Each structure stands twice: as C-alpha cells, then as structure tokens.
file entry-v3.cif (mmCIF, N, CA and C atoms)
data_work
#
loop_
_atom_site.label_atom_id
_atom_site.label_comp_id
_atom_site.auth_asym_id
_atom_site.auth_seq_id
_atom_site.Cartn_x
_atom_site.Cartn_y
_atom_site.Cartn_z
N MET A 1 -16.05 22.73 -3.55
CA MET A 1 -14.98 22.03 -2.87
C MET A 1 -13.95 23.06 -2.44
N SER A 2 -13.58 22.98 -1.17
CA SER A 2 -12.56 23.89 -0.67
C SER A 2 -11.26 23.13 -0.47
N ILE A 3 -10.17 23.81 -0.67
CA ILE A 3 -8.85 23.22 -0.47
C ILE A 3 -8.21 23.90 0.72
N VAL A 4 -7.72 23.10 1.65
CA VAL A 4 -7.11 23.62 2.88
C VAL A 4 -5.65 23.18 2.90
N ALA A 5 -4.78 24.05 3.36
CA ALA A 5 -3.37 23.70 3.55
C ALA A 5 -3.04 23.84 5.03
N LEU A 6 -2.41 22.82 5.57
CA LEU A 6 -1.98 22.83 6.97
C LEU A 6 -0.50 22.49 7.02
N THR A 7 0.20 23.10 7.94
CA THR A 7 1.59 22.68 8.17
C THR A 7 1.56 21.35 8.91
N SER A 8 2.67 20.65 8.88
CA SER A 8 2.75 19.38 9.62
C SER A 8 2.46 19.60 11.10
N ARG A 9 2.93 20.70 11.64
CA ARG A 9 2.71 21.01 13.05
C ARG A 9 1.22 21.22 13.32
N GLU A 10 0.55 22.00 12.46
CA GLU A 10 -0.89 22.23 12.63
C GLU A 10 -1.66 20.91 12.55
N PHE A 11 -1.25 20.07 11.59
CA PHE A 11 -1.91 18.78 11.44
C PHE A 11 -1.74 17.93 12.70
N ASN A 12 -0.53 17.88 13.23
CA ASN A 12 -0.27 17.07 14.42
C ASN A 12 -1.00 17.60 15.65
N GLN A 13 -1.17 18.91 15.73
CA GLN A 13 -1.81 19.51 16.90
C GLN A 13 -3.33 19.47 16.84
N ASP A 14 -3.90 19.37 15.63
CA ASP A 14 -5.36 19.40 15.52
C ASP A 14 -5.84 18.50 14.37
N THR A 15 -5.72 17.20 14.56
CA THR A 15 -6.15 16.27 13.51
C THR A 15 -7.65 16.34 13.29
N GLY A 16 -8.39 16.68 14.31
CA GLY A 16 -9.85 16.80 14.16
C GLY A 16 -10.21 17.87 13.14
N ARG A 17 -9.51 18.98 13.17
CA ARG A 17 -9.74 20.05 12.20
C ARG A 17 -9.42 19.56 10.79
N ALA A 18 -8.34 18.80 10.65
CA ALA A 18 -7.96 18.27 9.34
C ALA A 18 -9.01 17.30 8.82
N LYS A 19 -9.52 16.43 9.68
CA LYS A 19 -10.54 15.47 9.26
C LYS A 19 -11.82 16.18 8.83
N LYS A 20 -12.22 17.21 9.57
CA LYS A 20 -13.42 17.97 9.19
C LYS A 20 -13.21 18.68 7.86
N ALA A 21 -12.03 19.25 7.66
CA ALA A 21 -11.73 19.95 6.41
C ALA A 21 -11.71 18.97 5.25
N ALA A 22 -11.26 17.74 5.46
CA ALA A 22 -11.19 16.74 4.39
C ALA A 22 -12.58 16.34 3.90
N GLU A 23 -13.60 16.52 4.72
CA GLU A 23 -14.97 16.24 4.28
C GLU A 23 -15.44 17.26 3.24
N ARG A 24 -14.82 18.45 3.24
CA ARG A 24 -15.20 19.51 2.29
C ARG A 24 -14.30 19.54 1.06
N GLY A 25 -13.12 18.90 1.15
CA GLY A 25 -12.18 18.91 0.03
C GLY A 25 -10.81 18.43 0.50
N PRO A 26 -9.86 18.37 -0.42
CA PRO A 26 -8.53 17.87 -0.05
C PRO A 26 -7.82 18.79 0.94
N VAL A 27 -7.03 18.18 1.79
CA VAL A 27 -6.22 18.92 2.76
C VAL A 27 -4.76 18.66 2.43
N PHE A 28 -4.05 19.70 2.05
CA PHE A 28 -2.63 19.59 1.76
C PHE A 28 -1.85 19.79 3.04
N ILE A 29 -0.97 18.87 3.35
CA ILE A 29 -0.13 18.96 4.54
C ILE A 29 1.28 19.27 4.06
N THR A 30 1.82 20.36 4.57
CA THR A 30 3.10 20.84 4.07
C THR A 30 4.23 20.54 5.04
N ASP A 31 5.41 20.32 4.48
CA ASP A 31 6.66 20.22 5.25
C ASP A 31 7.57 21.31 4.72
N ARG A 32 7.96 22.21 5.59
CA ARG A 32 8.83 23.34 5.23
C ARG A 32 8.27 24.13 4.05
N GLY A 33 6.95 24.33 4.06
CA GLY A 33 6.31 25.15 3.06
C GLY A 33 5.98 24.46 1.75
N ARG A 34 6.36 23.20 1.61
CA ARG A 34 6.08 22.47 0.37
C ARG A 34 5.06 21.37 0.63
N PRO A 35 4.09 21.20 -0.29
CA PRO A 35 3.11 20.13 -0.12
C PRO A 35 3.80 18.77 -0.05
N ALA A 36 3.48 17.99 0.98
CA ALA A 36 4.11 16.68 1.17
C ALA A 36 3.08 15.54 1.17
N HIS A 37 1.87 15.83 1.62
CA HIS A 37 0.83 14.81 1.73
C HIS A 37 -0.52 15.44 1.44
N VAL A 38 -1.47 14.58 1.10
CA VAL A 38 -2.84 15.04 0.88
C VAL A 38 -3.77 14.13 1.68
N LEU A 39 -4.65 14.73 2.44
CA LEU A 39 -5.66 13.98 3.21
C LEU A 39 -6.99 14.11 2.48
N LEU A 40 -7.61 12.95 2.20
CA LEU A 40 -8.91 12.91 1.52
C LEU A 40 -9.90 12.15 2.37
N SER A 41 -11.18 12.44 2.18
CA SER A 41 -12.21 11.60 2.80
C SER A 41 -12.20 10.27 2.07
N ILE A 42 -12.69 9.23 2.70
CA ILE A 42 -12.72 7.92 2.07
C ILE A 42 -13.64 7.94 0.85
N ALA A 43 -14.70 8.72 0.88
CA ALA A 43 -15.60 8.82 -0.26
C ALA A 43 -14.88 9.41 -1.47
N GLU A 44 -14.09 10.46 -1.25
CA GLU A 44 -13.35 11.08 -2.34
C GLU A 44 -12.26 10.15 -2.86
N TYR A 45 -11.59 9.44 -1.95
CA TYR A 45 -10.57 8.47 -2.36
C TYR A 45 -11.18 7.39 -3.25
N ARG A 46 -12.31 6.85 -2.83
CA ARG A 46 -12.97 5.81 -3.63
C ARG A 46 -13.44 6.34 -4.98
N ARG A 47 -13.89 7.60 -5.00
CA ARG A 47 -14.31 8.19 -6.26
C ARG A 47 -13.12 8.29 -7.22
N LEU A 48 -11.98 8.69 -6.69
CA LEU A 48 -10.78 8.86 -7.52
C LEU A 48 -10.21 7.53 -8.00
N THR A 49 -10.27 6.51 -7.14
CA THR A 49 -9.66 5.23 -7.49
C THR A 49 -10.64 4.27 -8.15
N GLY A 50 -11.90 4.63 -8.23
CA GLY A 50 -12.87 3.73 -8.83
C GLY A 50 -13.46 2.73 -7.85
N GLY A 51 -13.12 2.85 -6.59
CA GLY A 51 -13.68 1.98 -5.57
C GLY A 51 -13.08 0.59 -5.59
N PRO A 52 -13.57 -0.26 -4.70
CA PRO A 52 -13.04 -1.61 -4.64
C PRO A 52 -13.39 -2.38 -5.91
N ARG A 53 -12.47 -3.22 -6.36
CA ARG A 53 -12.70 -4.01 -7.56
C ARG A 53 -12.60 -5.48 -7.22
N LYS A 54 -13.34 -6.26 -7.96
CA LYS A 54 -13.32 -7.71 -7.76
C LYS A 54 -12.32 -8.33 -8.73
N ILE A 55 -11.69 -9.41 -8.31
CA ILE A 55 -10.72 -10.08 -9.16
C ILE A 55 -11.35 -10.55 -10.46
N ALA A 56 -12.62 -10.96 -10.41
CA ALA A 56 -13.31 -11.40 -11.62
C ALA A 56 -13.41 -10.26 -12.64
N ASP A 57 -13.65 -9.04 -12.16
CA ASP A 57 -13.70 -7.89 -13.06
C ASP A 57 -12.34 -7.63 -13.69
N LEU A 58 -11.28 -7.77 -12.90
CA LEU A 58 -9.94 -7.53 -13.43
C LEU A 58 -9.56 -8.60 -14.46
N LEU A 59 -9.94 -9.84 -14.21
CA LEU A 59 -9.62 -10.92 -15.15
C LEU A 59 -10.42 -10.81 -16.44
N ALA A 60 -11.55 -10.12 -16.40
CA ALA A 60 -12.39 -9.96 -17.59
C ALA A 60 -11.99 -8.75 -18.43
N MET A 61 -10.99 -8.00 -17.99
CA MET A 61 -10.57 -6.81 -18.74
C MET A 61 -9.99 -7.21 -20.09
N PRO A 62 -10.23 -6.38 -21.10
CA PRO A 62 -9.65 -6.68 -22.42
C PRO A 62 -8.13 -6.64 -22.36
N GLY A 63 -7.49 -7.56 -23.07
CA GLY A 63 -6.03 -7.60 -23.13
C GLY A 63 -5.39 -8.41 -22.03
N VAL A 64 -6.17 -8.90 -21.08
CA VAL A 64 -5.58 -9.65 -19.97
C VAL A 64 -4.95 -10.96 -20.46
N GLU A 65 -5.43 -11.48 -21.57
CA GLU A 65 -4.86 -12.73 -22.09
C GLU A 65 -3.43 -12.55 -22.60
N ASP A 66 -3.01 -11.33 -22.82
CA ASP A 66 -1.66 -11.05 -23.31
C ASP A 66 -0.64 -10.88 -22.19
N ILE A 67 -1.08 -10.94 -20.96
CA ILE A 67 -0.18 -10.76 -19.82
C ILE A 67 0.44 -12.09 -19.45
N ASP A 68 1.77 -12.12 -19.38
CA ASP A 68 2.48 -13.33 -18.96
C ASP A 68 2.58 -13.33 -17.44
N LEU A 69 2.15 -14.42 -16.85
CA LEU A 69 2.20 -14.55 -15.39
C LEU A 69 3.12 -15.71 -15.06
N GLU A 70 4.26 -15.39 -14.53
CA GLU A 70 5.23 -16.42 -14.16
C GLU A 70 5.19 -16.61 -12.65
N LEU A 71 4.76 -17.77 -12.23
CA LEU A 71 4.69 -18.07 -10.80
C LEU A 71 5.92 -18.88 -10.40
N PRO A 72 6.53 -18.53 -9.29
CA PRO A 72 7.72 -19.28 -8.87
C PRO A 72 7.34 -20.69 -8.43
N VAL A 73 8.26 -21.62 -8.66
CA VAL A 73 8.06 -23.00 -8.22
C VAL A 73 8.39 -23.05 -6.73
N LEU A 74 7.47 -23.56 -5.95
CA LEU A 74 7.68 -23.65 -4.50
C LEU A 74 8.51 -24.89 -4.20
N ARG A 75 9.61 -24.68 -3.53
CA ARG A 75 10.51 -25.79 -3.19
C ARG A 75 10.26 -26.31 -1.78
N ASP A 76 9.64 -25.50 -0.93
CA ASP A 76 9.38 -25.91 0.44
C ASP A 76 8.16 -26.81 0.47
N VAL A 77 8.36 -28.03 0.91
CA VAL A 77 7.25 -28.97 1.00
C VAL A 77 6.85 -29.06 2.48
N ALA A 78 5.58 -29.04 2.71
CA ALA A 78 5.09 -29.15 4.10
C ALA A 78 5.49 -30.51 4.66
N ARG A 79 5.93 -30.50 5.90
CA ARG A 79 6.27 -31.76 6.58
C ARG A 79 5.70 -31.73 7.99
N PRO A 80 5.47 -32.89 8.53
CA PRO A 80 4.88 -32.92 9.88
C PRO A 80 5.80 -32.26 10.91
N ALA A 81 5.19 -31.65 11.88
CA ALA A 81 5.94 -30.99 12.96
C ALA A 81 6.46 -32.04 13.92
N ASP A 82 7.68 -31.82 14.38
CA ASP A 82 8.29 -32.71 15.38
C ASP A 82 7.93 -32.16 16.75
N LEU A 83 7.00 -32.80 17.43
CA LEU A 83 6.53 -32.33 18.74
C LEU A 83 7.16 -33.09 19.90
N SER A 84 8.26 -33.80 19.65
CA SER A 84 8.87 -34.58 20.73
C SER A 84 9.72 -33.72 21.65
#

call {"tool": "encode", "arguments": {"input": "entry-v3.cif", "output": "structure tokens"}}
result
Amino acid sequence: MSIVALTSREFNQDTGRAKKAAERGPVFITDRGRPAHVLLSIAEYRRLTGGPRKIADLLAMPGVEDIDLELPVLRDVARPADLS
C-alpha cells in the first residue's frame, strides 16, 4: 500500500490522479502543509467500517436491551388538505 500526499491545489487541478492513487492506498490532502482530508477507495472504506449493516444485526447485538430509547410524542396530526 502506498500513501500519497497532495496539496489542496494539486487535488483540485487533477482529481483523476487522486482517484487513481486512492486505488493503491490512502491519499492525504493537505491545507497549508497540514493533513486535512483523506481520500480512500470505496473498498478500503468498507473494509475499515465493516461494510453496510442491517438493522436486524444491530438489534441483535449484545447489550442492546440496556439502551433506553425515548421517542418524542408527535403532536402534529394529519388533516385533510383544503383544496378550495
């Protein structure tokens, strides 16, 4: 895996280069010499975040029964539209 650093100006002028570099590894985008953003391929992002998750999987996690979920009471009641 290679790591590439681009200035914001370089990134803005050649996004194609940044996208190609992101396929090989993270691309650090700097502002005034300091890392400000990281560009990753979608495959690397999914690997890092664990990919998409289903709500059923989240509800089946251990300890979920200890979470208090307070839902607000809805005061707005639907009423027919006045089309006159």

call {"tool": "atom_distance", "arguments": {"input": "entry-v3.cif", "atom1": "atom CA of A:Arg53", "atom2": "atom C of A:Leu69"}}
result
21.1 Å

call {"tool": "atom_distance", "arguments": {"input": "entry-v3.cif", "atom1": "atom CA of A:Asp57", "atom2": "atom CA of A:Tyr45"}}
result
19.8 Å

call {"tool": "resolve_selection", "arguments": {"input": "entry-v3.cif", "expression": "the PyMOL selection byres (((chain A and resi 17-23 and name CA) around 7) and name CA)", "output": "PyMOL selection string"}}
result
chain A and resi 4+11+14-16+24-27+39-41

call {"tool": "select_by_dssp", "arguments": {"input": "entry-v3.cif", "residues": "chain A", "states": "alpha helix (DSSP H)", "output": "PDB file with N, CA and C atoms, in the coordinates of the input"}}
result
ATOM      1  N   SER A   8       2.670  20.650   8.880  1.00  0.00           N
ATOM      2  CA  SER A   8       2.750  19.380   9.620  1.00  0.00           C
ATOM      3  C   SER A   8       2.460  19.600  11.100  1.00  0.00           C
ATOM      4  N   ARG A   9       2.930  20.700  11.640  1.00  0.00           N
ATOM      5  CA  ARG A   9       2.710  21.010  13.050  1.00  0.00           C
ATOM      6  C   ARG A   9       1.220  21.220  13.320  1.00  0.00           C
ATOM      7  N   GLU A  10       0.550  22.000  12.460  1.00  0.00           N
ATOM      8  CA  GLU A  10      -0.890  22.230  12.630  1.00  0.00           C
ATOM      9  C   GLU A  10      -1.660  20.910  12.550  1.00  0.00           C
ATOM     10  N   PHE A  11      -1.250  20.070  11.590  1.00  0.00           N
ATOM     11  CA  PHE A  11      -1.910  18.780  11.440  1.00  0.00           C
ATOM     12  C   PHE A  11      -1.740  17.930  12.700  1.00  0.00           C
ATOM     13  N   ASN A  12      -0.530  17.880  13.230  1.00  0.00           N
ATOM     14  CA  ASN A  12      -0.270  17.070  14.420  1.00  0.00           C
ATOM     15  C   ASN A  12      -1.000  17.600  15.650  1.00  0.00           C
ATOM     16  N   GLN A  13      -1.170  18.910  15.730  1.00  0.00           N
ATOM     17  CA  GLN A  13      -1.810  19.510  16.900  1.00  0.00           C
ATOM     18  C   GLN A  13      -3.330  19.470  16.840  1.00  0.00           C
ATOM     19  N   THR A  15      -5.720  17.200  14.560  1.00  0.00           N
ATOM     20  CA  THR A  15      -6.150  16.270  13.510  1.00  0.00           C
ATOM     21  C   THR A  15      -7.650  16.340  13.290  1.00  0.00           C
ATOM     22  N   GLY A  16      -8.390  16.680  14.310  1.00  0.00           N
ATOM     23  CA  GLY A  16      -9.850  16.800  14.160  1.00  0.00           C
ATOM     24  C   GLY A  16     -10.210  17.870  13.140  1.00  0.00           C
ATOM     25  N   ARG A  17      -9.510  18.980  13.170  1.00  0.00           N
ATOM     26  CA  ARG A  17      -9.740  20.050  12.200  1.00  0.00           C
ATOM     27  C   ARG A  17      -9.420  19.560  10.790  1.00  0.00           C
ATOM     28  N   ALA A  18      -8.340  18.800  10.650  1.00  0.00           N
ATOM     29  CA  ALA A  18      -7.960  18.270   9.340  1.00  0.00           C
ATOM     30  C   ALA A  18      -9.010  17.300   8.820  1.00  0.00           C
ATOM     31  N   LYS A  19      -9.520  16.430   9.680  1.00  0.00           N
ATOM     32  CA  LYS A  19     -10.540  15.470   9.260  1.00  0.00           C
ATOM     33  C   LYS A  19     -11.820  16.180   8.830  1.00  0.00           C
ATOM     34  N   LYS A  20     -12.220  17.210   9.570  1.00  0.00           N
ATOM     35  CA  LYS A  20     -13.420  17.970   9.190  1.00  0.00           C
ATOM     36  C   LYS A  20     -13.210  18.680   7.860  1.00  0.00           C
ATOM     37  N   ALA A  21     -12.030  19.250   7.660  1.00  0.00           N
ATOM     38  CA  ALA A  21     -11.730  19.950   6.410  1.00  0.00           C
ATOM     39  C   ALA A  21     -11.710  18.970   5.250  1.00  0.00           C
ATOM     40  N   ALA A  22     -11.260  17.740   5.460  1.00  0.00           N
ATOM     41  CA  ALA A  22     -11.190  16.740   4.390  1.00  0.00           C
ATOM     42  C   ALA A  22     -12.580  16.340   3.900  1.00  0.00           C
ATOM     43  N   ILE A  42     -12.690   9.230   2.700  1.00  0.00           N
ATOM     44  CA  ILE A  42     -12.720   7.920   2.070  1.00  0.00           C
ATOM     45  C   ILE A  42     -13.640   7.940   0.850  1.00  0.00           C
ATOM     46  N   ALA A  43     -14.700   8.720   0.880  1.00  0.00           N
ATOM     47  CA  ALA A  43     -15.600   8.820  -0.260  1.00  0.00           C
ATOM     48  C   ALA A  43     -14.880   9.410  -1.470  1.00  0.00           C
ATOM     49  N   GLU A  44     -14.090  10.460  -1.250  1.00  0.00           N
ATOM     50  CA  GLU A  44     -13.350  11.080  -2.340  1.00  0.00           C
ATOM     51  C   GLU A  44     -12.260  10.150  -2.860  1.00  0.00           C
ATOM     52  N   TYR A  45     -11.590   9.440  -1.950  1.00  0.00           N
ATOM     53  CA  TYR A  45     -10.570   8.470  -2.360  1.00  0.00           C
ATOM     54  C   TYR A  45     -11.180   7.390  -3.250  1.00  0.00           C
ATOM     55  N   ARG A  46     -12.310   6.850  -2.830  1.00  0.00           N
ATOM     56  CA  ARG A  46     -12.970   5.810  -3.630  1.00  0.00           C
ATOM     57  C   ARG A  46     -13.440   6.340  -4.980  1.00  0.00           C
ATOM     58  N   ARG A  47     -13.890   7.600  -5.000  1.00  0.00           N
ATOM     59  CA  ARG A  47     -14.310   8.190  -6.260  1.00  0.00           C
ATOM     60  C   ARG A  47     -13.120   8.290  -7.220  1.00  0.00           C
ATOM     61  N   LEU A  48     -11.980   8.690  -6.690  1.00  0.00           N
ATOM     62  CA  LEU A  48     -10.780   8.860  -7.520  1.00  0.00           C
ATOM     63  C   LEU A  48     -10.210   7.530  -8.000  1.00  0.00           C
ATOM     64  N   THR A  49     -10.270   6.510  -7.140  1.00  0.00           N
ATOM     65  CA  THR A  49      -9.660   5.230  -7.490  1.00  0.00           C
ATOM     66  C   THR A  49     -10.640   4.270  -8.150  1.00  0.00           C
ATOM     67  N   ILE A  55     -11.690  -9.410  -8.310  1.00  0.00           N
ATOM     68  CA  ILE A  55     -10.720 -10.080  -9.160  1.00  0.00           C
ATOM     69  C   ILE A  55     -11.350 -10.550 -10.460  1.00  0.00           C
ATOM     70  N   ALA A  56     -12.620 -10.960 -10.410  1.00  0.00           N
ATOM     71  CA  ALA A  56     -13.310 -11.400 -11.620  1.00  0.00           C
ATOM     72  C   ALA A  56     -13.410 -10.260 -12.640  1.00  0.00           C
ATOM     73  N   ASP A  57     -13.650  -9.040 -12.160  1.00  0.00           N
ATOM     74  CA  ASP A  57     -13.700  -7.890 -13.060  1.00  0.00           C
ATOM     75  C   ASP A  57     -12.340  -7.630 -13.690  1.00  0.00           C
ATOM     76  N   LEU A  58     -11.280  -7.770 -12.900  1.00  0.00           N
ATOM     77  CA  LEU A  58      -9.940  -7.530 -13.430  1.00  0.00           C
ATOM     78  C   LEU A  58      -9.560  -8.600 -14.460  1.00  0.00           C
ATOM     79  N   LEU A  59      -9.940  -9.840 -14.210  1.00  0.00           N
ATOM     80  CA  LEU A  59      -9.620 -10.920 -15.150  1.00  0.00           C
ATOM     81  C   LEU A  59     -10.420 -10.810 -16.440  1.00  0.00           C
TER      82      LEU A  59
END

call {"tool": "atom_distance", "arguments": {"input": "entry-v3.cif", "atom1": "atom N of A:Asn12", "atom2": "atom N of A:Gly50"}}
result
27.7 Å

call {"tool": "residues_around", "arguments": {"input": "entry-v3.cif", "residues": "A:Thr7", "least_positions_apart": "4", "cutoff": "8 Å", "atoms": "only C-alpha atoms", "output": "list in words"}}
result
Phe11, Ile29, Thr30, Asp31, Arg32 and Gly33 of chain A

call {"tool": "select_by_dssp", "arguments": {"input": "entry-v3.cif", "residues": "stretch 20-64 of chain A", "states": "strand (DSSP E)", "output": "PyMOL selection string"}}
result
chain A and resi 27-31+34-39
